[in-house]
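Chemist: This is the structure, below, for whatever I ask next.
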Amino acid sequence: MQFRVLGPVEVLAGGRAAAIGEPRQRAVLAALLLEAGRPVSRDTLIDRVWGDAAPSQARRSLYAYIARLRRALDEVAGPGETGHPLVRAPGGYLLDAGAEQVDVLAFRGLLTRSRAPGLPGEARAALLREVLALWRGEPLAGVGGAWARRMRESLRQDHVQATVAWAHAEITLGRAESVLVPLTELAGERPMLEPAAAALVLALHATGRAADALDRFDRTRRLLRDELGVDPGPDLRAAHQSVLRDEPPMPSRAAPAPFPPAAQTAAPVPAQTAVPAQPAVPVQVAVPAELPADVAAFTGRTGEIAEFDRLLDDAAGQAPLIICVTGTAGAGKTALAVHWAHRVRERFPDGQLYVNLRGYDPEQPVTPLGALGALLASIAGTGQPVPAGVDERAAHYRTRLAGRRMLIVLDNASAVEQLRHLLPGTTGCAVIVTSRDSLAGLVSVNGARRVALGLLPAVDAARLLGQLVGARVDREPEAAALLAEQCARLPLALRVAAELAAARPATGLATLTGELAEQQRRLDLLSDGEDPRAAVSAVFSWSLRHLRTAAVRLFTLIGLHPGADLDAYAAAALAGCTLAEAHRSLSALVRAHLIHPAGADRYGLHDLLRAYAVRLAGEQPGAPAALTRLLDHYLAGASAAMQVLYPGEADRRPAIPPPGTPMPVITGVVAARGWLRTELPNLAAAAVHAASHHHPHHAVQASALLYRYLDGGDHGTAVTIHSSARTAARLLGDTAAEAYALNALAHLDALAGHPAEARSHLELARRLAAKAGDERGQARALGNLAALDEQQARYAAAATRYEQALLRYRRLGDLIGEAHALTRLASVGARLGRERQSRDHAELALTLHRKAGHTFGEAWAYNSLGEIEALAGRYGASAARHRQALSLFRELGHRSSQAETMDSLGACETRLGRYERARDHHGQALELFRALGDRRGQASALNGLGEALLAAGRPGEAAEAYTSALGVAGGARAQQARAQQGLAALGPPEQAERVRCGS
């Protein structure tokens, strides 16, 4: 039997069509088919068929429609078919059919498979052809009502997305001719749909019709500006650039990024032609699917699930849906949210995001800044620009979500303040939040819908035990009921208790409840007996008593871990055991439901279990040694990764001895960057914990080890680690270490546009280093003060300080320090007109960096040579040097240096008359500078854009860029002067304003 909704609603069997009946009966079947394989409540069916106009006898009419549909299905069923597909389910009905029978399920399943990362292009194209072959015209034809209209539009958007994705796949396989007709038809129907226009531009170019491709881009751009007041988005701009550069189609390693489903373009934003919103070549990002695994044997909560379904249906096309699931700890809030999210994930084709906010963690709740960083990395791809400030990140996040259909699960929030920045700003997305708090502010201000979760009803608690334990529950119903009450009917405790019962099949439930009652009596002596969590603690304690000693010890020691999750190596460090022993203990704890998988070889704890483990760890005699081993493990891992990335700086980092516990093998740049990226949240948490828990040396060493990596990455994490190091250094009375941390913090101040604070930190660092007799620390402070002078256009003062730093480094025999000072002296000297001396300095720096195997410094020496060539008017040679540098910085993943180099490349391209390339380079640099919170860098990139636009004959847009540069330059005097000179070149302010406004 075949069911179809991607066209007229039909049922076919043996070549015969079922008589489905009147439109409302057809609507009942359609509602069941779109949820095929899942129960649909009676209330949901009534709402989808009648909407707000449901008559008083709607339930009776529904029964009649169901009965007629069952008869119609019986009439066309084949002689060999057994069992009826339309069956009664708890609270409603279920149509028991799979993707092989229901076209919409096959459609969605194939579309999801086509988005898999790493899928070969030919396989992707074949899957998408299958998707499109299922489409038979107007979906749900013959079905009326608001729900049907919403679903029809959703399916249309899926079809459009599949068409564009198929076109991209065929273009990259060299079959662009085959997509021209479908794309031309789609662009005619939806002329402002940018992804379709971008694909058509690429297809026309690939078939040798570059002029037609450019014409299509221009027509679409004019239409967007005239109708919506916006400029083309990044995908359409990238397609345009591809034509201009005559680039071949790039092979796609993932499905094309999803595009706005509910309108023909993303939400309008003010036109900013001078400042590209994204890099010119978009990164291919797999659709995020971050939901944790669905809960096995999920039981009950049918009323809450039906309410969620109703809220989702009612919210279609309106404000973003926000559902708050509130209730006591252990009540199953996360399990319910994740279970429901899995049920509806196909309604969010642009992806599902998940963040554990750790709101009730005793030490490290996730900040809005950190949560936004994780969410943006999931949407845009790891390593893509992420703004530094929380407001900037929130704005970028809302922009990324605009026009998309994404489901966002924000788990374990403690307060409204943790959530406000994480909410979408436009329709199409749904958010489900879990919290012990009532989140009244989110309900009253943001229109969230609260669903309070009580304890599991006794019937559902018994049913859950039955699913987990088996027939013993039926044989001993009174004992099962008592066990449920002993677990306070909290799902978390029920699962832990059920696992222990299942592990002892020969023991009766009555015996087990007696043991648990005794354990509870013991714990009641230590509490007032009023806290419902005491029952949970009793279950945890009872469960631990039946595990191997090694597993119990590891669970206790995990309470010492300050981060959100850990891997087997960190577990081995805590326990002081082999990797195999750690895996055995972790597996035992997973089976006992005391920890849960949190990724590949990573494990986490429910917050109640974490709190219990923390309490036990405080009573563990070996806790101090275990914490030391854990911190040693993270320092050793960071040291190994930094040695791979920056071997030339080995003698400038603290020497970390190998720990006495197993360590992962980190070989190669990719592995090193991957380890640091994965463990950076734990490294930051460990630094904070070490500074405040009697391990200050570890906090100091973490800052010194990670300086170069943090220098090119996450501003917020860098502040956390370096601030912890300063706190720890003060506790130790180590003035040299405090000076090092102050140098690092001053660098971050300068990036954030606070030169006065940076200078204050550096002067203090210099005094502290002198007091400690730390020659290298003094040289470092001098070099950083010189860099501040350079940024403020005080080149002579900068040169003097660099020379003073150079002398100190030479006295120390510090080749890397000497080479760094020479590199900066070369750049500053070139600005002072000392070309020959500057070239000598830069070439000597390049030699020293190569001798030391210092790739990072070598790249900066290339940049310095590029600056010298540019100041001498040799722009082609300059661009070649900067490209050498950029290649090395990309290999290292050092984003701030990549941004500086792309900015310099853009300036070269402007001088060479290649203005579009210049705009691309400056635009990409600007995005990276924004991600890093580097205001001076942003001003430089904006000034570069202004220069490129002015040279290209676009003075109005140039004025906007220069004005924006002035707005962010802060104390960067060189960039202020550059912007003012650019504006002066446009004429008097009133004339520039008229030019900018086009009057």
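Ordering of the structure tokens sets the chain letters (A, B, ...), residue numbers begin anew at 1 in every chain, and ligands are numbered from 1 in the order given.
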Would you mind listing what lies within 9 Å of segment 204-218 of chain A as a list of chain:residue names, with only C-alpha atoms counted and same-chain residues fewer than 5 positions away left out?
Modeler: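 Everything that qualifies: A:Ile171, A:Gly174, A:Arg175, A:Ala176, A:Glu177, A:Leu180, A:Ala197, A:Ala198, A:Ala199, A:Leu223, A:Pro232, A:Leu236, A:Arg237, A:Ala239, A:His240, A:Ser242, A:Val243, A:Leu244, A:Asp246, A:Pro248, A:Pro249.
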Chemist: Limited to all heavy atoms, could you put the picked residues into a file as a short mmCIF file (atom, residue, chain, number, x, y, z; two decimals), in the first residue's frame?
Modeler:
```cif
data_model
loop_
_atom_site.label_atom_id
_atom_site.label_comp_id
_atom_site.auth_asym_id
_atom_site.auth_seq_id
_atom_site.Cartn_x
_atom_site.Cartn_y
_atom_site.Cartn_z
N ILE A 171 26.38 20.81 -11.15
CA ILE A 171 27.36 21.77 -11.66
C ILE A 171 28.77 21.32 -11.32
O ILE A 171 29.68 21.34 -12.16
CB ILE A 171 27.08 23.18 -11.09
CG1 ILE A 171 25.78 23.74 -11.67
CG2 ILE A 171 28.24 24.14 -11.40
CD1 ILE A 171 25.27 24.98 -10.95
N GLY A 174 30.20 18.71 -13.50
CA GLY A 174 30.40 19.03 -14.92
C GLY A 174 29.16 18.87 -15.78
O GLY A 174 29.26 18.79 -17.01
N ARG A 175 27.97 18.83 -15.15
CA ARG A 175 26.74 18.64 -15.90
C ARG A 175 25.83 19.87 -15.75
O ARG A 175 24.63 19.75 -15.51
CB ARG A 175 26.03 17.38 -15.43
CG ARG A 175 26.87 16.11 -15.62
CD ARG A 175 26.03 14.85 -15.49
NE ARG A 175 25.60 14.60 -14.14
CZ ARG A 175 26.15 13.71 -13.31
NH1 ARG A 175 27.20 13.00 -13.71
NH2 ARG A 175 25.66 13.52 -12.10
N ALA A 176 26.42 21.05 -15.88
CA ALA A 176 25.67 22.29 -15.65
C ALA A 176 24.54 22.47 -16.66
O ALA A 176 23.50 23.08 -16.34
CB ALA A 176 26.62 23.48 -15.69
N GLU A 177 24.72 21.97 -17.88
CA GLU A 177 23.70 22.15 -18.91
C GLU A 177 22.35 21.59 -18.47
O GLU A 177 21.29 22.14 -18.79
CB GLU A 177 24.16 21.46 -20.19
CG GLU A 177 23.37 21.85 -21.44
CD GLU A 177 23.68 23.25 -21.92
OE1 GLU A 177 24.87 23.63 -21.91
OE2 GLU A 177 22.73 23.96 -22.29
N LEU A 180 20.01 24.07 -16.26
CA LEU A 180 19.65 25.43 -16.70
C LEU A 180 18.14 25.64 -16.77
O LEU A 180 17.63 26.66 -16.29
CB LEU A 180 20.29 25.73 -18.06
CG LEU A 180 21.80 26.00 -18.04
CD1 LEU A 180 22.32 26.17 -19.46
CD2 LEU A 180 22.11 27.24 -17.21
N ALA A 197 19.17 32.08 -7.64
CA ALA A 197 19.88 33.00 -8.54
C ALA A 197 21.37 32.70 -8.56
O ALA A 197 22.01 32.70 -9.62
CB ALA A 197 19.63 34.45 -8.11
N ALA A 198 21.95 32.42 -7.37
CA ALA A 198 23.38 32.12 -7.30
C ALA A 198 23.70 30.84 -8.07
O ALA A 198 24.70 30.78 -8.81
CB ALA A 198 23.81 31.97 -5.84
N ALA A 199 22.87 29.81 -7.92
CA ALA A 199 23.11 28.56 -8.65
C ALA A 199 23.00 28.79 -10.15
O ALA A 199 23.79 28.23 -10.94
CB ALA A 199 22.11 27.50 -8.19
N LEU A 223 16.89 44.12 -8.38
CA LEU A 223 15.58 43.76 -7.83
C LEU A 223 15.61 43.77 -6.30
O LEU A 223 14.69 44.28 -5.64
CB LEU A 223 15.17 42.37 -8.35
CG LEU A 223 13.72 41.96 -8.14
CD1 LEU A 223 12.77 42.92 -8.83
CD2 LEU A 223 13.50 40.54 -8.67
N PRO A 232 22.92 41.99 -2.30
CA PRO A 232 23.01 40.52 -2.37
C PRO A 232 23.74 39.93 -1.17
O PRO A 232 24.67 40.53 -0.63
CB PRO A 232 23.80 40.28 -3.67
CG PRO A 232 23.55 41.49 -4.50
CD PRO A 232 23.45 42.63 -3.53
N LEU A 236 25.32 34.76 -3.29
CA LEU A 236 25.18 35.40 -4.60
C LEU A 236 26.43 36.22 -4.92
O LEU A 236 26.90 36.23 -6.07
CB LEU A 236 23.92 36.27 -4.62
CG LEU A 236 23.52 36.86 -5.98
CD1 LEU A 236 23.47 35.80 -7.07
CD2 LEU A 236 22.17 37.57 -5.86
N ARG A 237 26.98 36.91 -3.91
CA ARG A 237 28.22 37.64 -4.14
C ARG A 237 29.36 36.70 -4.52
O ARG A 237 30.18 37.00 -5.39
CB ARG A 237 28.61 38.45 -2.90
CG ARG A 237 27.75 39.67 -2.63
CD ARG A 237 28.48 40.65 -1.73
NE ARG A 237 29.06 40.03 -0.56
CZ ARG A 237 28.42 39.87 0.59
NH1 ARG A 237 27.18 40.27 0.71
NH2 ARG A 237 29.02 39.30 1.62
N ALA A 239 29.14 33.81 -6.02
CA ALA A 239 28.94 33.35 -7.40
C ALA A 239 29.40 34.42 -8.39
O ALA A 239 30.05 34.12 -9.40
CB ALA A 239 27.46 33.01 -7.62
N HIS A 240 29.09 35.66 -8.08
CA HIS A 240 29.51 36.78 -8.93
C HIS A 240 31.04 36.85 -9.01
O HIS A 240 31.62 36.98 -10.11
CB HIS A 240 28.94 38.08 -8.34
CG HIS A 240 29.28 39.30 -9.13
ND1 HIS A 240 29.78 40.44 -8.54
CD2 HIS A 240 29.20 39.56 -10.46
CE1 HIS A 240 30.00 41.36 -9.47
NE2 HIS A 240 29.64 40.85 -10.63
N SER A 242 33.09 34.45 -8.56
CA SER A 242 33.58 33.28 -9.29
C SER A 242 33.57 33.55 -10.80
O SER A 242 34.49 33.15 -11.52
CB SER A 242 32.70 32.07 -8.96
OG SER A 242 33.14 30.93 -9.64
N VAL A 243 32.54 34.24 -11.27
CA VAL A 243 32.48 34.58 -12.70
C VAL A 243 33.57 35.58 -13.05
O VAL A 243 34.28 35.44 -14.05
CB VAL A 243 31.09 35.14 -13.06
CG1 VAL A 243 31.04 35.53 -14.53
CG2 VAL A 243 30.00 34.13 -12.75
N LEU A 244 33.73 36.61 -12.21
CA LEU A 244 34.74 37.63 -12.48
C LEU A 244 36.14 37.04 -12.54
O LEU A 244 36.98 37.48 -13.33
CB LEU A 244 34.67 38.73 -11.41
CG LEU A 244 33.42 39.61 -11.41
CD1 LEU A 244 33.41 40.53 -10.21
CD2 LEU A 244 33.31 40.41 -12.70
N ASP A 246 36.78 33.96 -13.29
CA ASP A 246 36.78 32.83 -14.22
C ASP A 246 37.21 31.55 -13.52
O ASP A 246 38.01 30.76 -14.03
CB ASP A 246 37.69 33.11 -15.42
CG ASP A 246 37.40 32.14 -16.59
OD1 ASP A 246 36.26 31.64 -16.65
OD2 ASP A 246 38.31 31.89 -17.39
N PRO A 248 36.68 27.76 -11.97
CA PRO A 248 35.85 26.58 -12.22
C PRO A 248 34.99 26.27 -11.00
O PRO A 248 35.31 26.71 -9.90
CB PRO A 248 36.88 25.47 -12.45
CG PRO A 248 38.08 25.91 -11.69
CD PRO A 248 38.10 27.42 -11.77
N PRO A 249 33.91 25.51 -11.17
CA PRO A 249 33.08 25.15 -10.01
C PRO A 249 33.90 24.38 -9.00
O PRO A 249 34.70 23.52 -9.35
CB PRO A 249 31.97 24.27 -10.62
CG PRO A 249 31.97 24.59 -12.07
CD PRO A 249 33.38 24.96 -12.43
#
```
Chemist: Write out as JSON, numbers by chain which residues come within 7 Å of segment 149-152 of chain A when counting only C-alpha atoms, dropping same-chain ones fewer than 4 positions away.
Modeler: {"A": [139, 140, 145, 156, 316]}
Chemist: Taking N, CA, C and O atoms for each residue, export the selection above as an mmCIF file, in the first residue's frame.
Modeler:
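Saved as again-v4.cif:
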```cif
data_model
loop_
_atom_site.group_PDB
_atom_site.id
_atom_site.type_symbol
_atom_site.label_atom_id
_atom_site.label_comp_id
_atom_site.auth_asym_id
_atom_site.auth_seq_id
_atom_site.Cartn_x
_atom_site.Cartn_y
_atom_site.Cartn_z
ATOM 1 N N PRO A 139 1.633 20.059 -3.170
ATOM 2 C CA PRO A 139 1.466 19.073 -2.098
ATOM 3 C C PRO A 139 0.154 19.290 -1.349
ATOM 4 O O PRO A 139 -0.376 20.408 -1.296
ATOM 5 N N LEU A 140 -0.390 18.206 -0.819
ATOM 6 C CA LEU A 140 -1.639 18.226 -0.059
ATOM 7 C C LEU A 140 -2.783 18.825 -0.868
ATOM 8 O O LEU A 140 -3.686 19.477 -0.328
ATOM 9 N N GLY A 145 -7.619 24.493 4.906
ATOM 10 C CA GLY A 145 -7.379 24.843 6.300
ATOM 11 C C GLY A 145 -6.005 25.447 6.532
ATOM 12 O O GLY A 145 -5.082 25.335 5.722
ATOM 13 N N ARG A 156 6.866 23.027 0.037
ATOM 14 C CA ARG A 156 7.360 23.753 -1.146
ATOM 15 C C ARG A 156 8.796 24.221 -0.916
ATOM 16 O O ARG A 156 9.636 24.134 -1.815
ATOM 17 N N ALA A 316 3.415 28.531 13.715
ATOM 18 C CA ALA A 316 3.915 28.600 12.338
ATOM 19 C C ALA A 316 3.649 29.967 11.739
ATOM 20 O O ALA A 316 2.515 30.440 11.716
#
```
Chemist: Excluding same-chain residues fewer than 4 positions from segment 411-422 of chain A, what lies within 9 Å of it counting only C-alpha atoms, as a PyMOL selection string?
Modeler: chain A and resi 333-334+337+354-360+365-369+371-372+375+390-391+393-395+397-398+432-442+446+607
Chemist: Applying 8 Å and only C-alpha atoms, which residues near Ala162 of chain A remain after dropping the ones on its own chain fewer than 3 positions away? List them as a PyMOL selection string.
Modeler: chain A and resi 111+128+131-132+158-159+165-166
Chemist: Please list as a list of chain:residue names every residue within 10 Å of Ala821 of chain A, counting only C-alpha atoms and excluding residues in the same chain fewer than 4 positions away.
Modeler: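 Here the answer would be A:Ala779, A:Arg780, A:Leu782, A:Gly783, A:Ala786, A:Ala799, A:Arg801, A:Tyr802, A:Glu803, A:Gln804, A:Ala805, A:Leu806, A:Leu807, A:Tyr809, A:Leu815, A:Ile816, A:Gly817, A:Leu825, A:Ala826, A:His841, A:Ala842, A:Ala845.
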Chemist: Could you check which of A:Leu871, A:Thr426, A:Arg301, A:His606 is closest to Leu455 of chain A, using only C-alpha atoms?
Modeler: A:Arg301
Chemist: Would you pick out the contacts of Leu683 of chain A at 12 Å or less, using only C-alpha atoms, so that residues sharing its chain but fewer than 5 positions from it are not included, and give the list as a JSON list (two decimals) with N, CA, C and O atoms, in the first residue's frame?
Modeler:
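And here's out.json as it stands now:
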```json
[["chain", "number", "residue", "atom", "x", "y", "z"],
["A", 561, "HIS", "N", 36.42, 17.07, 38.47],
["A", 561, "HIS", "CA", 36.66, 17.64, 37.13],
["A", 561, "HIS", "C", 35.88, 18.94, 36.97],
["A", 561, "HIS", "O", 34.66, 18.95, 37.14],
["A", 562, "PRO", "N", 36.54, 20.04, 36.64],
["A", 562, "PRO", "CA", 35.84, 21.33, 36.58],
["A", 562, "PRO", "C", 35.11, 21.60, 35.28],
["A", 562, "PRO", "O", 34.36, 22.57, 35.20],
["A", 563, "GLY", "N", 35.30, 20.77, 34.25],
["A", 563, "GLY", "CA", 34.71, 21.03, 32.95],
["A", 563, "GLY", "C", 33.39, 20.34, 32.75],
["A", 563, "GLY", "O", 32.88, 19.63, 33.62],
["A", 564, "ALA", "N", 32.82, 20.54, 31.56],
["A", 564, "ALA", "CA", 31.50, 19.98, 31.25],
["A", 564, "ALA", "C", 31.57, 18.51, 30.89],
["A", 564, "ALA", "O", 30.60, 17.77, 31.08],
["A", 565, "ASP", "N", 32.67, 18.04, 30.33],
["A", 565, "ASP", "CA", 32.80, 16.64, 29.95],
["A", 565, "ASP", "C", 34.27, 16.24, 30.02],
["A", 565, "ASP", "O", 35.15, 17.07, 30.26],
["A", 566, "LEU", "N", 34.53, 14.97, 29.82],
["A", 566, "LEU", "CA", 35.90, 14.49, 29.85],
["A", 566, "LEU", "C", 36.03, 13.28, 28.96],
["A", 566, "LEU", "O", 35.02, 12.64, 28.62],
["A", 570, "ALA", "N", 41.47, 11.76, 30.38],
["A", 570, "ALA", "CA", 41.28, 12.54, 31.60],
["A", 570, "ALA", "C", 40.79, 11.66, 32.74],
["A", 570, "ALA", "O", 41.19, 11.83, 33.90],
["A", 630, "LEU", "N", 45.07, 15.33, 37.14],
["A", 630, "LEU", "CA", 44.21, 15.84, 36.07],
["A", 630, "LEU", "C", 44.80, 17.13, 35.48],
["A", 630, "LEU", "O", 44.89, 17.28, 34.26],
["A", 631, "LEU", "N", 45.22, 18.04, 36.35],
["A", 631, "LEU", "CA", 45.80, 19.30, 35.86],
["A", 631, "LEU", "C", 47.11, 19.04, 35.12],
["A", 631, "LEU", "O", 47.38, 19.69, 34.10],
["A", 632, "ASP", "N", 47.91, 18.10, 35.61],
["A", 632, "ASP", "CA", 49.14, 17.73, 34.90],
["A", 632, "ASP", "C", 48.81, 17.19, 33.50],
["A", 632, "ASP", "O", 49.52, 17.47, 32.53],
["A", 633, "HIS", "N", 47.75, 16.41, 33.42],
["A", 633, "HIS", "CA", 47.33, 15.84, 32.13],
["A", 633, "HIS", "C", 47.00, 16.94, 31.14],
["A", 633, "HIS", "O", 47.45, 16.90, 29.98],
["A", 634, "TYR", "N", 46.21, 17.93, 31.55],
["A", 634, "TYR", "CA", 45.83, 18.99, 30.62],
["A", 634, "TYR", "C", 47.03, 19.85, 30.22],
["A", 634, "TYR", "O", 47.15, 20.26, 29.06],
["A", 635, "LEU", "N", 47.94, 20.11, 31.16],
["A", 635, "LEU", "CA", 49.13, 20.87, 30.79],
["A", 635, "LEU", "C", 49.99, 20.09, 29.81],
["A", 635, "LEU", "O", 50.53, 20.65, 28.84],
["A", 636, "ALA", "N", 50.13, 18.78, 30.03],
["A", 636, "ALA", "CA", 50.94, 17.97, 29.12],
["A", 636, "ALA", "C", 50.34, 17.92, 27.73],
["A", 636, "ALA", "O", 51.05, 17.98, 26.72],
["A", 637, "GLY", "N", 49.01, 17.80, 27.66],
["A", 637, "GLY", "CA", 48.36, 17.80, 26.35],
["A", 637, "GLY", "C", 48.55, 19.12, 25.62],
["A", 637, "GLY", "O", 48.84, 19.16, 24.42],
["A", 638, "ALA", "N", 48.37, 20.22, 26.35],
["A", 638, "ALA", "CA", 48.57, 21.54, 25.75],
["A", 638, "ALA", "C", 50.01, 21.71, 25.28],
["A", 638, "ALA", "O", 50.27, 22.25, 24.19],
["A", 639, "SER", "N", 50.94, 21.24, 26.09],
["A", 639, "SER", "CA", 52.36, 21.35, 25.72],
["A", 639, "SER", "C", 52.66, 20.56, 24.45],
["A", 639, "SER", "O", 53.36, 21.05, 23.55],
["A", 675, "TRP", "N", 42.87, 18.86, 18.99],
["A", 675, "TRP", "CA", 42.90, 18.62, 20.44],
["A", 675, "TRP", "C", 42.68, 19.92, 21.19],
["A", 675, "TRP", "O", 41.89, 19.98, 22.15],
["A", 676, "LEU", "N", 43.36, 20.98, 20.78],
["A", 676, "LEU", "CA", 43.20, 22.26, 21.47],
["A", 676, "LEU", "C", 41.79, 22.80, 21.33],
["A", 676, "LEU", "O", 41.21, 23.32, 22.29],
["A", 677, "ARG", "N", 41.21, 22.67, 20.14],
["A", 677, "ARG", "CA", 39.84, 23.16, 19.93],
["A", 677, "ARG", "C", 38.86, 22.40, 20.82],
["A", 677, "ARG", "O", 37.97, 22.99, 21.44],
["A", 678, "THR", "N", 39.02, 21.08, 20.92],
["A", 678, "THR", "CA", 38.10, 20.26, 21.72],
["A", 678, "THR", "C", 38.27, 20.53, 23.21],
["A", 678, "THR", "O", 37.29, 20.65, 23.95],
["A", 688, "VAL", "N", 40.90, 28.28, 35.81],
["A", 688, "VAL", "CA", 40.13, 28.98, 36.85],
["A", 688, "VAL", "C", 40.14, 28.16, 38.14],
["A", 688, "VAL", "O", 40.35, 28.68, 39.24],
["A", 689, "HIS", "N", 39.91, 26.86, 38.00],
["A", 689, "HIS", "CA", 39.85, 25.97, 39.17],
["A", 689, "HIS", "C", 41.20, 25.91, 39.87],
["A", 689, "HIS", "O", 41.28, 25.95, 41.11],
["A", 690, "ALA", "N", 42.26, 25.81, 39.08],
["A", 690, "ALA", "CA", 43.60, 25.72, 39.67],
["A", 690, "ALA", "C", 43.94, 26.97, 40.47],
["A", 690, "ALA", "O", 44.52, 26.89, 41.57],
["A", 698, "HIS", "N", 49.80, 25.61, 38.23],
["A", 698, "HIS", "CA", 49.17, 25.11, 37.01],
["A", 698, "HIS", "C", 48.49, 26.24, 36.22],
["A", 698, "HIS", "O", 48.54, 26.26, 34.98],
["A", 699, "ALA", "N", 47.85, 27.16, 36.93],
["A", 699, "ALA", "CA", 47.20, 28.28, 36.24],
["A", 699, "ALA", "C", 48.22, 29.16, 35.54],
["A", 699, "ALA", "O", 48.01, 29.62, 34.41],
["A", 701, "GLN", "N", 51.20, 28.24, 34.46],
["A", 701, "GLN", "CA", 51.77, 27.51, 33.33],
["A", 701, "GLN", "C", 50.80, 27.44, 32.15],
["A", 701, "GLN", "O", 51.22, 27.50, 30.99],
["A", 702, "ALA", "N", 49.50, 27.31, 32.42],
["A", 702, "ALA", "CA", 48.53, 27.24, 31.34],
["A", 702, "ALA", "C", 48.56, 28.52, 30.50],
["A", 702, "ALA", "O", 48.52, 28.47, 29.26],
["A", 703, "SER", "N", 48.66, 29.66, 31.14],
["A", 703, "SER", "CA", 48.71, 30.93, 30.43],
["A", 703, "SER", "C", 49.95, 31.02, 29.54],
["A", 703, "SER", "O", 49.87, 31.39, 28.36],
["A", 705, "LEU", "N", 51.82, 28.53, 28.42],
["A", 705, "LEU", "CA", 51.79, 27.50, 27.38],
["A", 705, "LEU", "C", 50.93, 27.91, 26.20],
["A", 705, "LEU", "O", 51.31, 27.71, 25.03],
["A", 706, "LEU", "N", 49.77, 28.47, 26.48],
["A", 706, "LEU", "CA", 48.76, 28.68, 25.45],
["A", 706, "LEU", "C", 48.80, 30.08, 24.85],
["A", 706, "LEU", "O", 47.96, 30.40, 24.01],
["A", 710, "LEU", "N", 46.17, 31.30, 21.95],
["A", 710, "LEU", "CA", 45.10, 32.23, 22.32],
["A", 710, "LEU", "C", 45.25, 33.56, 21.63],
["A", 710, "LEU", "O", 44.26, 34.26, 21.37],
["A", 717, "THR", "N", 38.00, 33.45, 26.05],
["A", 717, "THR", "CA", 38.75, 32.39, 26.72],
["A", 717, "THR", "C", 40.14, 32.87, 27.09],
["A", 717, "THR", "O", 40.67, 32.52, 28.16],
["A", 718, "ALA", "N", 40.76, 33.67, 26.23],
["A", 718, "ALA", "CA", 42.09, 34.20, 26.53],
["A", 718, "ALA", "C", 42.05, 35.06, 27.78],
["A", 718, "ALA", "O", 42.94, 34.95, 28.66],
["A", 720, "THR", "N", 39.97, 34.83, 30.26],
["A", 720, "THR", "CA", 39.76, 33.94, 31.40],
["A", 720, "THR", "C", 41.07, 33.29, 31.83],
["A", 720, "THR", "O", 41.42, 33.28, 33.03],
["A", 721, "ILE", "N", 41.82, 32.74, 30.90],
["A", 721, "ILE", "CA", 43.04, 32.00, 31.24],
["A", 721, "ILE", "C", 44.13, 32.94, 31.75],
["A", 721, "ILE", "O", 44.78, 32.67, 32.77],
["A", 722, "HIS", "N", 44.33, 34.08, 31.08],
["A", 722, "HIS", "CA", 45.40, 35.00, 31.50],
["A", 722, "HIS", "C", 45.04, 35.70, 32.82],
["A", 722, "HIS", "O", 45.92, 35.96, 33.65],
["A", 724, "SER", "N", 43.25, 34.35, 35.21],
["A", 724, "SER", "CA", 43.49, 33.32, 36.24],
["A", 724, "SER", "C", 44.97, 33.23, 36.55],
["A", 724, "SER", "O", 45.36, 33.05, 37.72]]
```
Chemist: Can you tell me how far atom CA of Ala64 of chain A sits from atom CA of Gln25 of chain A, in Å to one decimal?
Modeler: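 Computing the Euclidean distance for atom CA of Ala64 of chain A and atom CA of Gln25 of chain A yields 8.9 Å.
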Chemist: So that I can see what lies close to segment 961-976 of chain A, please list as a ChimeraX atom specification the residues with an atom at most 8 Å from it, counting only C-alpha atoms and leaving out residues fewer than 3 positions away in the same chain.
Modeler: /A:274-275,753-755,791-793,935-936,938-940,942-943,945-946,957-958,979-980,982-983
Chemist: Per residue of segment 799-918 of chain A within 7 Å of segment 642-661 of chain A, which atom pair is closest and at what distance in Å (one decimal), using only C-alpha atoms, listed by chain and increasing number, as a tab-separated table?
Modeler:
```
residue	atom	partner	partner_atom	distance
A:Ala852	CA	A:Gly648	CA	5.3
A:Gly853	CA	A:Gly648	CA	4.9
A:His854	CA	A:Gly648	CA	4.0
A:Leu892	CA	A:Leu645	CA	6.3
```
